[in-house]
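Remarks on the structure that follows.
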Amino acid sequence: ACTPPQSGSGDGDSETLTIYSNSVSDGRGEWLQEKAAEAGFTLQFVDLGGGDIQNRLLAEAANPIADVVFGLNNVYFEKLRAAEVLEAYSPSWSGEVDASLGDGEQFWPIVREPIMLITNDEVFPGGEGAPADWPELWTVPEFEGRYEVPTALGGATTQMVLSGILARFRDDAGEHGISADGWAQIGEFFAKGSPAVEGTDLFARMAEGEVDMGQMWLAGKFSREEEYGITTTAISPEIGVPYAVQHVAKVAGTKNAEAAEAFIDWFGGAELQAAWSNEFFTAPTNEVALQDADQDAVELTDSFTPQDIDWTFVAENLDGWIEKIELDVLG
Amino acid sequence: MAVITLAVTAWFSLAFLVLPNLQLLAEVFLADGGLSTRAWGRLLGSERAMSSLRNSVLLALTLSVTVNVVGVFVVLATRYFALRGRRILWLGYATSLIYGGIVMVAGYDFVYGSSGILTRLLTTVLPFVPEDWFVGYPAVVFVMTFASTGNHLLFLNASMARIDQQTVESARQMGASQWTVLRRVVLPTLLPTIFAVTVLTFLGGLGALAVPEVLGGRDFQTIAPMMLTFANTPSSRDLAAALAIILALFTIAMLLILNRLERGGTYFSVAKVSTQLTPQKIGNPVANAVMHVIAYALLVVYVLPPALIVLFSFTDARSISTGTLRADSFTLENYATALLEPTARWPFVVSISYSAVAALVVILGLLFVVRLVTRFPRSRMSTIVEYVLHIPWVMPGTMMVLGLLLLFSTPQGVVGGRVLSGTVGILAVAYVVGKIPFTFRLLKAAFLGINRNVEEAASLLGASQLYTFRRVILPLVLPTAAAITALNFNSMLDDYDTAVFLAHPFYQPLGIFIRNATSGETNADASALVFVYSVILMVIATITLWLIYGGGAARILRLLSPRRARRRSGDALPLDPADQA
Amino acid sequence: MITFENVTVRFGDFTALPDLSLHVEEGEFFTLLGPSGCGKSTALRTLAGFNDPASGRLLVDGRDVTALPSDRRGIGMVFQNYALFPSMSVRENIAFGLKVAKRPKDEVHERVHEIAEQVALTPAQLDKGVAELSGGQQQRVAIARALVLRPRILLLDEPLSNLDAKLRNQLRVQLKELQQQFGITSIYVTHDQDEAMSMSDRIAVLDHGRIEQVGTPREVYERSATEFVCTFIGSVHRLGEQAVSRLSQLPGSPVAEGLRSYVRVERLTLRERHRPNDGRLVVDGVVDRADYHGYFTQYAVRLGDRSVSVRVPWSATESAFAAGDEVAIGVAPEDVLQYERSGPEAGA
Amino acid sequence: MITFENVTVRFGDFTALPDLSLHVEEGEFFTLLGPSGCGKSTALRTLAGFNDPASGRLLVDGRDVTALPSDRRGIGMVFQNYALFPSMSVRENIAFGLKVAKRPKDEVHERVHEIAEQVALTPAQLDKGVAELSGGQQQRVAIARALVLRPRILLLDEPLSNLDAKLRNQLRVQLKELQQQFGITSIYVTHDQDEAMSMSDRIAVLDHGRIEQVGTPREVYERSATEFVCTFIGSVHRLGEQAVSRLSQLPGSPVAEGLRSYVRVERLTLRERHRPNDGRLVVDGVVDRADYHGYFTQYAVRLGDRSVSVRVPWSATESAFAAGDEVAIGVAPEDVLQYERSGPEAGA
Ligand SMILES: Nc1ncnc2c1ncn2[C@@H]1O[C@H](COP(=O)(O)OP(=O)(O)OP(=O)(O)O)[C@@H](O)[C@H]1O
Ligand SMILES: Nc1ncnc2c1ncn2[C@@H]1O[C@H](COP(=O)(O)OP(=O)(O)OP(=O)(O)O)[C@@H](O)[C@H]1O
Ligand SMILES: [Mg+2]
Ligand SMILES: [Mg+2]
């Protein structure tokens, strides 16, 4: 057991692609490796959270280790792009996706997923009496203390939720591009919520009756409902919900540029994306793949309206928002 | 040898302690060509930051007291006094050494939390007690106190073994009560070790993350989570650095005070030949009974949480989160998932290798450095070395690591013009760096307990520095060195924060693997898996401790080399009370 | 006052004291004398309560203290390895017992200074750490620490072994004075015969944990009960069979034949040859070497193939000899000590 | 062979050795004698390389070793506090140096046993831990550990202080033999005059880190260069002005008036009154106390309001006195030692 299970012959192996991703857990990595092997790629994943991948890529800029990165959302990719970590590449399937989801140059969309507010059906049967949109949480007195608010702001889901709320109060003259009212609102959001408990899942708390609602992403909702034996309903606000769109990109300075490009072409292609969707309940962005994709996943994903968010604006300001929330809002 | 040690220390410190941090600090503070002072204003203006900071300092100070009280008691119960069942007590108290973090909090939650055993008991007997009574400052202090006494158990025990029995006897015989002997004769001799563990405790309090996060409630949040967020947010790193500098000031103040107190004292036995301390009988029957009662009450406090963790690791996520057990709660599925996963073995191999290598390198290297520093305690060189080696304690881990990564992703003259990031070695370097202060501090305490004459005698007999060191000094500091190695090894096994940035793609350690399997962002709720991995880590940690304290290593060594088979009372690690039985 | 009643002390399978019985009177200055490793320290430590006897009882004032913890036996002790408290200054070491006894500050201060002066420690030394003292100074701290408490019973384990003759004499006198002044019952361990002789009321000679003789210094020296005692204390010369036989034939001689016979070297006389013999056995010899010892000279005298050492005190009336001088050694029959052939071979 | 050249050693502001100069010849047995705390150990430790001199040089064989690390000075040492390795058995302690020198196993074994026998350690004791030994046994381990290496230079810091007279004599002889046999240059620290007198080729008397006199034992004893040496070595009696004046008037007397004058106590004669005076000064007195010391008796004799102690060796021809006896003390003028009033007050 003294050689790594997936390595070829070690460092700089031209056959092996090093891929940074936050979406290869839950068996996705193994599945992909297998498929890739059939297609002639040897893959090695570095499986980290979105923020960690971003930080690692930034720090390694001078001597990149990764060849390809995928799975992060717009915000991260915007920041990576700004730091000139990525390299432009137009995949063979670039015409099959809505290029505006990405930047149309360096990173390209593969999967999209809504980030939602879910409510416990036991408390709000069939959504009865549940809030219709996020602001009701802190404006309607009955909900005070009944919804979970995040305490650690590093998570991708949390950042999407915050972006979804704050983006409504864009004011280029305001602090970090947000109006004073926006800051007051977000303050209320945190003040009236029930802080998340580290190590205890939202669903565990809902099962216990400690809270009745909180943030969740699509796939997470279904696996947890099963685990805790409770059913939930996702709110579908008029303004829409933030979509986390996962992208793929080639890392600037990769030593395996050719293989990386070939991989991206294969990975984002209709065939694999459809298979991925069927396997992992996702909605691909590749329009060609949609037909063969898991229709439930696509349908559910499409049942929400995408919130209109300027992701470049978010990427520019998100760090400032988090800093301000940490310092001045939480407490 | 001194010269070589000094040269290596200087090079290593420059390359891996000073430059990376300078690089990072420059990056964060010299943002726009000038020195940025933005961070200070932001922090001072933030009520939350200030109150968190206050809480952290308060916690650190409180723990410095409470942990010493409990820790000293624990050591007395297992090593100093002849209590019944000292071995059991030791094993029970030692459980705090094999687990930590969020799982430990969960363990305490099973006892004291809103649906915990004790809470249910309390609320039945005293209905007015609220379910969530176990929250805030007292709860945090309580849990962290018991969690932090492991250092006492190992290191104070080791120094206790070097006290000259006859000094205790002579004090007794001058009419001093057991209590007076303890307070006036025994404890003062242990001061370097007490100081060292106090520094550890203090830092542990300053950097407390999981416990206050979960148990602190709204009123008692500490600074560490905020620092972590800032350190991970590129544009806010100046805040993290500023906070680090503030904490560093507290730490340096603490170190200065303790170093001052420590200097000039004599902590080795001045007896011609000192006799080893044997456990003292407690004369007063009432005191004896009280001592036993407290000792065993503490045993329950110590053992219940980990016991419940083991128990709950065989249940599903729901039982864990609600703290309730039903007949159908039990499952082996989690273990199956954790152990049968085909790729699961490799991270264990990687982690154990990294931990072992780093633990050995750091202890071996620092043995030389500490010897140098304690040989020339008043030289300027020693002072500088000492403070430089403490850098990793005052920089937040993430920043340290990022500094390394940033610096070494371009060719650096200081390492022969090589690029280190992306190599297998850099993670090992980071591990070594991270363990330096802890190792340094405790080793220093151990060295202060050695009478210089012994070393002199060896050198006159022709022994080289190295030989003297190996055959004379080492056996004397071995108990401490072994304890440090064990703790270092165990603490690196599940490291995530360092590995996340530095791990080579092919050699990713366990921490990353566990985090991936169990993080809140995976689709399935994996809190049950967290328990399973914790239990597996507890098993590894226990094996490590057994190797070192239970005589396991000695047994294995004996098999390997019969020449060393005979163990003298002196080389035996006197930490395990069974040795004295 | 102090009684050892069949006390047995073991370390593992090694029996350090097999069945020791001993009685020390109130106010007595009692000395344990014996070869290194014979169990002197063990006996003291057992009395002080640091070794548990495997069997037997210890009585103090008729009270059984065998099970009493050491701090309640009211015994002071000076340890052979000093057992100073390393983390305390000299002053704190000495004041320790007084502070424990909660004496007022002024008194503590005064008594510490008083005793320090008596053991010749300067005020400057009082504030040093004990590791900064010389060996002899450390020993004096150990003495001061025990004496300052004026215990009723004082155990001293070679308290003067690291001191120079002058200080040693001075402290001997002081110890003895204190002992008499306060009526302290003392048990003293020393390897120094002189000390034992001059200070003790009685001496117990130990060998391998067993008592060979208990008696006054004079008894022990002049009427050594066993061959061991005779050869251990002072220097003796073993007489050959021929010499014994000739001595037994002198008029009025108490010397018997067939026993092991010794004479103390200082009782041997060294004269020029052909002087009158005063009723002694006289043997001719030649001086081999003369070792100057200040107030006496030790001569090695060759008698045929044997060498005998003779200690001649300085005396104005007798002349000194040099190597090569022809001399006569004389032995008076009443100076001969005789023993059954019981013990193992013991040379002079 | 060994030279201290203006060596100064300080501990903080305390100067333990101010400007020490000393020369020891090859093969010499050189003794440092002086009161406790005078700097004897400091001098040895400095030579061994454990104290850095603030100024001055140390030469061995003409080579400057001041900056040489101690393991390369080729010096053996017996430490005053033994400095045994606590984690090793007795055997390992003794074998340490041989193992360092990578001697073959058999040789190590043999030499350890040989030296152990010489210092009277049994094979059973060899396998004990050092803390399990008696004080004297520990000291013997320390001696064995240094001797087993047969160093060219050997420093001995009170190596026999914890041993009984018999063993002490035996080891003295062995030390001296080894020293002569292998031509080991030795510097010996002892507080025992006898030892110093009988073993040394030369003695240096130290006080407060300064050398008072260097000379052969006889020179130091009989022609003490300073008042300090005179009073430190042996026991002296200080003569009153009246006595000195009377002594100076005796026919042919070398005694001068106006100087501090001493006489060694053993040179005082104690007689019944009214016996002829042999050209001595005779003073009448009464015996106060007689302390029996075996081969001599120490008398405290009252002369008016002063008390004088007189040491009378055992002698068959002179009778013993008891307390209350009327006696006469005699002083011969040639036994008087005289000094300028230079040093501080030093009583007899
Ligand atoms: N480490 C030290 N720090 C300060 N002072 C010291 C130190 N070591 C020794 N001294 C002082 O230096 C003086 C000389 O000490 P040294 O040990 O040489 O005496 P010594 O002649 O060997 O006496 P002894 O016969 O009592 O052993 C003493 O007054 C002692 O207090
Ligand atoms: N802790 C121990 N374990 C084993 N044996 C011991 C222990 N302590 C003493 N002994 C042995 O018991 C015997 C008596 O020791 P003790 O210390 O009483 O001798 P002592 O008469 O004081 O000798 P010394 O004059 O050398 O100090 C010695 O042979 C010693 O080796
Ligand atoms: Mg002893
Ligand atoms: Mg000394």
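Residues in the structure tokens are numbered from 1 in each chain, the chains being A, B, ... in the order shown, and ligands are numbered from 1 in the order shown.
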Give me the chain B side of the contact with ligand 2, cut-off 12 Å, one line per residue showing its nearest atom pair and distance in Å at one decimal, counting only C-alpha atoms and all ligand atoms, sorted by chain and residue number, as CSV.
```
residue,atom,partner,partner_atom_place_in_ligand_line,distance
B:Gln165,CA,ligand 2,1 (N),10.9
B:Gln166,CA,ligand 2,1 (N),11.4
B:Lys272,CA,ligand 2,27 (O),11.8
B:Val273,CA,ligand 2,1 (N),11.7
B:Ser274,CA,ligand 2,1 (N),11.0
B:Thr275,CA,ligand 2,1 (N),8.0
B:Gln276,CA,ligand 2,1 (N),9.4
B:Leu277,CA,ligand 2,1 (N),11.3
B:Thr278,CA,ligand 2,1 (N),11.0
B:Ser569,CA,ligand 2,3 (N),11.2
```
Those same residues, written as a PDB file, in the first residue's frame with N, CA, C and O atoms?
```pdb
ATOM      1  N   GLN B 165      12.729  12.357  45.872  1.00  0.00           N
ATOM      2  CA  GLN B 165      11.864  11.852  46.928  1.00  0.00           C
ATOM      3  C   GLN B 165      12.291  12.384  48.294  1.00  0.00           C
ATOM      4  O   GLN B 165      11.484  12.699  49.139  1.00  0.00           O
ATOM      5  N   GLN B 166      13.593  12.480  48.489  1.00  0.00           N
ATOM      6  CA  GLN B 166      14.062  12.862  49.821  1.00  0.00           C
ATOM      7  C   GLN B 166      13.719  14.310  50.175  1.00  0.00           C
ATOM      8  O   GLN B 166      13.614  14.639  51.348  1.00  0.00           O
ATOM      9  N   LYS B 272      22.807  14.797  45.852  1.00  0.00           N
ATOM     10  CA  LYS B 272      23.934  14.107  45.251  1.00  0.00           C
ATOM     11  C   LYS B 272      23.417  13.078  44.251  1.00  0.00           C
ATOM     12  O   LYS B 272      23.851  13.032  43.115  1.00  0.00           O
ATOM     13  N   VAL B 273      22.546  12.244  44.713  1.00  0.00           N
ATOM     14  CA  VAL B 273      21.879  11.322  43.792  1.00  0.00           C
ATOM     15  C   VAL B 273      20.426  11.345  44.206  1.00  0.00           C
ATOM     16  O   VAL B 273      20.101  11.047  45.342  1.00  0.00           O
ATOM     17  N   SER B 274      19.572  11.755  43.293  1.00  0.00           N
ATOM     18  CA  SER B 274      18.195  11.912  43.724  1.00  0.00           C
ATOM     19  C   SER B 274      17.453  10.594  43.597  1.00  0.00           C
ATOM     20  O   SER B 274      17.731   9.790  42.730  1.00  0.00           O
ATOM     21  N   THR B 275      16.530  10.421  44.493  1.00  0.00           N
ATOM     22  CA  THR B 275      15.737   9.198  44.489  1.00  0.00           C
ATOM     23  C   THR B 275      14.375   9.502  43.888  1.00  0.00           C
ATOM     24  O   THR B 275      13.851  10.590  44.078  1.00  0.00           O
ATOM     25  N   GLN B 276      13.854   8.524  43.183  1.00  0.00           N
ATOM     26  CA  GLN B 276      12.602   8.775  42.470  1.00  0.00           C
ATOM     27  C   GLN B 276      11.418   8.878  43.405  1.00  0.00           C
ATOM     28  O   GLN B 276      11.339   8.175  44.411  1.00  0.00           O
ATOM     29  N   LEU B 277      10.528   9.752  43.024  1.00  0.00           N
ATOM     30  CA  LEU B 277       9.341   9.983  43.830  1.00  0.00           C
ATOM     31  C   LEU B 277       8.438   8.754  43.816  1.00  0.00           C
ATOM     32  O   LEU B 277       8.141   8.200  42.763  1.00  0.00           O
ATOM     33  N   THR B 278       8.021   8.357  44.991  1.00  0.00           N
ATOM     34  CA  THR B 278       7.038   7.275  45.050  1.00  0.00           C
ATOM     35  C   THR B 278       5.710   7.873  45.486  1.00  0.00           C
ATOM     36  O   THR B 278       5.695   8.888  46.177  1.00  0.00           O
ATOM     37  N   SER B 569      14.738   1.396  36.128  1.00  0.00           N
ATOM     38  CA  SER B 569      13.678   2.273  36.624  1.00  0.00           C
ATOM     39  C   SER B 569      13.793   3.636  35.958  1.00  0.00           C
ATOM     40  O   SER B 569      12.824   4.303  35.693  1.00  0.00           O
TER      41      SER B 569
END
```
*Neighbours of Ala323 in chain C within 12 Å (only C-alpha atoms; same-chain residues fewer than 3 positions away dropped), as an MDAnalysis selection string?*
chainID C and resid 285:291 298:302 320 326:327
*asked:* Could you list the protein, DNA and RNA residues that have any atom within 9 Å of ligand 3, counting only C-alpha atoms and all ligand atoms, and write them as a list in words?
replied: Ser36, Gly37, Cys38, Gly39, Lys40, Ser41, Thr42, Leu44, Phe79, Gln80, Asn81, Asp157, Glu158, Val189 and Thr190 of chain C; Leu133, Ser134, Gly135, Gly136, Gln137 and Asn162 of chain D
*Please give the root-mean-square deviation of the Cα atoms once chain C has been least-squares fitted onto chain D, pairing every Cα in order.*
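Root-mean-square deviation of the C-alpha atoms: 0.2 Å.
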May I have a table of the residues of chain B lying at most 12 Å from ligand 1, giving each one's closest pair of atoms and their distance in Å to one decimal, counting only C-alpha atoms and all ligand atoms, ordered by chain and ascending residue number, as a tab-separated table?
```
residue	atom	partner	partner_atom_place_in_ligand_line	distance
B:Gly264	CA	ligand 1	3 (N)	10.5
B:Gly265	CA	ligand 1	3 (N)	11.8
B:Thr266	CA	ligand 1	1 (N)	10.7
B:Val270	CA	ligand 1	1 (N)	11.7
B:Asn451	CA	ligand 1	1 (N)	11.9
B:Arg452	CA	ligand 1	1 (N)	10.6
B:Asn453	CA	ligand 1	1 (N)	11.1
```
*Counting only C-alpha atoms, the residue of C:Glu92, C:Glu117, C:Asp19, C:Glu195 that sits nearest chain D*: C:Glu195
*Determine which residues of range 21-92 of chain D receive a DSSP assignment of strand (DSSP E), computed from the backbone, and state them as a PyMOL selection string.*
chain D and resi 21-24+29-33+55-60+63-64+75-78
*Find the residues near Ala144 in chain D: any atom within 9 Å, counting only C-alpha atoms, skip ones fewer than 6 places away on the same chain, and give them as a ChimeraX atom specification.*
/D:78,94,112,115-116,118-119
Write out, as a CSV table (one decimal), in the first residue's frame, the residues just selected, with N, CA, C and O atoms.
```csv
chain,number,residue,atom,x,y,z
D,78,VAL,N,36.4,13.2,39.6
D,78,VAL,CA,35.4,12.6,40.6
D,78,VAL,C,34.7,13.9,41.2
D,78,VAL,O,35.3,14.7,41.8
D,94,ILE,N,29.8,2.9,35.3
D,94,ILE,CA,31.3,2.7,35.3
D,94,ILE,C,31.8,2.5,33.9
D,94,ILE,O,32.9,3.0,33.5
D,112,VAL,N,35.6,-3.2,34.2
D,112,VAL,CA,34.6,-2.8,35.2
D,112,VAL,C,34.6,-3.6,36.4
D,112,VAL,O,34.6,-3.1,37.6
D,115,ILE,N,37.8,-2.8,38.6
D,115,ILE,CA,37.8,-1.5,39.3
D,115,ILE,C,36.7,-1.6,40.4
D,115,ILE,O,36.9,-1.1,41.5
D,116,ALA,N,35.6,-2.3,40.1
D,116,ALA,CA,34.6,-2.4,41.1
D,116,ALA,C,35.1,-3.1,42.3
D,116,ALA,O,34.8,-2.8,43.5
D,118,GLN,N,38.2,-3.2,43.3
D,118,GLN,CA,39.1,-2.3,44.0
D,118,GLN,C,38.4,-1.3,44.9
D,118,GLN,O,38.9,-0.9,45.9
D,119,VAL,N,37.2,-0.8,44.5
D,119,VAL,CA,36.5,0.1,45.3
D,119,VAL,C,35.5,-0.6,46.2
D,119,VAL,O,34.6,0.0,46.8
```
Listing only residues of chain C within 6 Å of chain B, what is the closest atom pair and its distance in Å (to one decimal) for each, using only C-alpha atoms, sorted by chain and residue number ascending, as a Markdown table?
```
| residue | atom | partner | partner_atom | distance |
| --- | --- | --- | --- | --- |
| C:Ser70 | CA | B:Gln173 | CA | 5.5 |
| C:Asp71 | CA | B:Gln173 | CA | 4.5 |
| C:Asn81 | CA | B:Lys272 | CA | 5.3 |
| C:Ala83 | CA | B:Thr167 | CA | 4.6 |
| C:Pro86 | CA | B:Thr266 | CA | 5.6 |
| C:Ser87 | CA | B:Thr266 | CA | 5.2 |
| C:Gly97 | CA | B:Met174 | CA | 5.2 |
| C:Val100 | CA | B:Ala176 | CA | 5.6 |
```
Please produce a file of the residues just selected, as a CSV table (one decimal), in the first residue's frame, where the atoms kept are C-alpha atoms.
```csv
chain,number,residue,atom,x,y,z
C,70,SER,CA,6.7,11.0,59.5
C,71,ASP,CA,5.5,14.5,60.1
C,81,ASN,CA,22.2,13.6,50.2
C,83,ALA,CA,17.6,16.9,50.2
C,86,PRO,CA,16.0,23.2,44.8
C,87,SER,CA,13.4,25.8,44.0
C,97,GLY,CA,10.1,24.4,59.1
C,100,VAL,CA,5.2,25.6,58.4
```
*Near range 131-143 of chain A, counting only C-alpha atoms, which residues have an atom at most 6 Å away, once you skip same-chain residues fewer than 6 positions from it, shown as a list in words?*
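In the requested form, the answer reads Glu188, Phe189, Lys192 and Pro237 of chain A.
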*asked:* Which residue is closest to ligand 4? Choose from D:Ser21, D:Lys105, D:Pro35, D:Pro123 and count only C-alpha atoms and all ligand atoms.
replied: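 The answer is D:Pro35, which sits nearest to ligand 4.
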*Between D:Ser309, D:Thr66, D:Ser161, D:Ser248, single out the one closest to ligand 4, counting only C-alpha atoms and all ligand atoms.*
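Using only C-alpha atoms and all ligand atoms, ligand 4 sits closest to D:Ser161.
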Give me, as a tab-separated table, each residue of chain B that comes within 7 Å of chain A, together with its shortest interatomic pair and the distance in Å at one decimal, counting only C-alpha atoms, with rows ordered by chain and rising residue number.
```
residue	atom	partner	partner_atom	distance
B:Ser46	CA	A:Leu327	CA	5.3
B:Glu47	CA	A:Asp328	CA	6.9
B:Arg48	CA	A:Gly331	CA	5.6
B:Ala49	CA	A:Leu327	CA	5.9
B:Ile102	CA	A:Gly199	CA	6.7
B:Glu213	CA	A:Glu198	CA	6.8
B:Val214	CA	A:Glu198	CA	5.8
B:Arg218	CA	A:Gly331	CA	6.8
B:Met226	CA	A:Glu326	CA	6.7
B:Thr229	CA	A:Gly154	CA	6.3
B:Thr233	CA	A:Asp319	CA	6.4
B:Ser235	CA	A:Asp319	CA	6.3
B:Ser236	CA	A:Glu323	CA	6.6
B:Arg318	CA	A:Tyr228	CA	6.2
B:Ser321	CA	A:Ala204	CA	5.9
B:Thr322	CA	A:Glu208	CA	6.9
B:Trp346	CA	A:Pro4	CA	6.6
B:Leu402	CA	A:Ala59	CA	6.9
B:Leu405	CA	A:Ala59	CA	6.1
B:Leu406	CA	A:Ala59	CA	5.2
B:Ser409	CA	A:Asn63	CA	5.3
B:Thr410	CA	A:Ala62	CA	6.1
B:Gly422	CA	A:Ile65	CA	6.1
B:Val500	CA	A:Asp52	CA	6.9
B:Phe501	CA	A:Arg56	CA	5.5
B:Pro505	CA	A:Val46	CA	5.7
B:Phe506	CA	A:Pro4	CA	6.0
B:Tyr507	CA	A:Pro4	CA	6.7
B:Asn516	CA	A:Ser25	CA	6.2
B:Ala517	CA	A:Ser25	CA	6.8
B:Thr522	CA	A:Asp26	CA	6.7
B:Asn523	CA	A:Gly220	CA	4.4
B:Ala524	CA	A:Ser223	CA	5.5
B:Asp525	CA	A:Arg224	CA	6.4
```
_Need the shell around range 259-267 of chain D: protein/DNA/RNA residues with any atom at most 9 Å away, counting only C-alpha atoms. Skip same-chain ones fewer than 6 positions apart. Format as number ranges by chain?_
C: 295, 313-316; D: 227, 230-231, 234-241, 244, 308-313, 330-332, 335-341, 348
Got time to write the residues from that selection, C-alpha atoms, as a JSON list (two decimals), in the first residue's frame?
```json
[["chain", "number", "residue", "atom", "x", "y", "z"],
["C", 295, "TYR", "CA", 51.12, 15.54, 65.06],
["C", 313, "PRO", "CA", 52.92, 10.55, 68.24],
["C", 314, "TRP", "CA", 55.05, 13.60, 68.17],
["C", 315, "SER", "CA", 56.97, 13.79, 71.35],
["C", 316, "ALA", "CA", 59.74, 16.08, 72.38],
["D", 227, "GLU", "CA", 48.59, 33.02, 60.11],
["D", 230, "CYS", "CA", 48.83, 28.06, 60.66],
["D", 231, "THR", "CA", 45.39, 28.23, 62.21],
["D", 234, "GLY", "CA", 45.91, 21.32, 62.65],
["D", 235, "SER", "CA", 44.87, 22.73, 66.00],
["D", 236, "VAL", "CA", 46.78, 25.61, 67.42],
["D", 237, "HIS", "CA", 46.72, 27.47, 70.66],
["D", 238, "ARG", "CA", 47.16, 31.21, 70.58],
["D", 239, "LEU", "CA", 49.61, 32.43, 73.20],
["D", 240, "GLY", "CA", 48.80, 35.47, 75.33],
["D", 241, "GLU", "CA", 51.15, 38.47, 75.40],
["D", 244, "VAL", "CA", 55.09, 35.33, 74.71],
["D", 308, "VAL", "CA", 43.27, 25.63, 76.71],
["D", 309, "SER", "CA", 42.84, 22.35, 74.91],
["D", 310, "VAL", "CA", 45.78, 19.98, 75.00],
["D", 311, "ARG", "CA", 46.07, 16.81, 72.96],
["D", 312, "VAL", "CA", 47.96, 14.11, 74.74],
["D", 313, "PRO", "CA", 48.83, 10.97, 72.76],
["D", 330, "GLY", "CA", 54.58, 23.32, 79.10],
["D", 331, "VAL", "CA", 55.54, 25.22, 75.93],
["D", 332, "ALA", "CA", 58.96, 24.94, 74.29],
["D", 335, "ASP", "CA", 57.59, 25.28, 68.94],
["D", 336, "VAL", "CA", 56.23, 28.82, 68.79],
["D", 337, "LEU", "CA", 54.96, 30.04, 65.36],
["D", 338, "GLN", "CA", 54.86, 33.82, 65.00],
["D", 339, "TYR", "CA", 53.10, 36.15, 62.50],
["D", 340, "GLU", "CA", 52.79, 39.84, 61.83],
["D", 341, "ARG", "CA", 49.42, 41.33, 62.69],
["D", 348, "ALA", "CA", 42.94, 29.48, 68.18]]
```
_Distance in Å - CA of Arg168 in chain A versus CA of Ser236 in chain A_ =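 Calculated distance between CA of Arg168 in chain A and CA of Ser236 in chain A is 16.1 Å.
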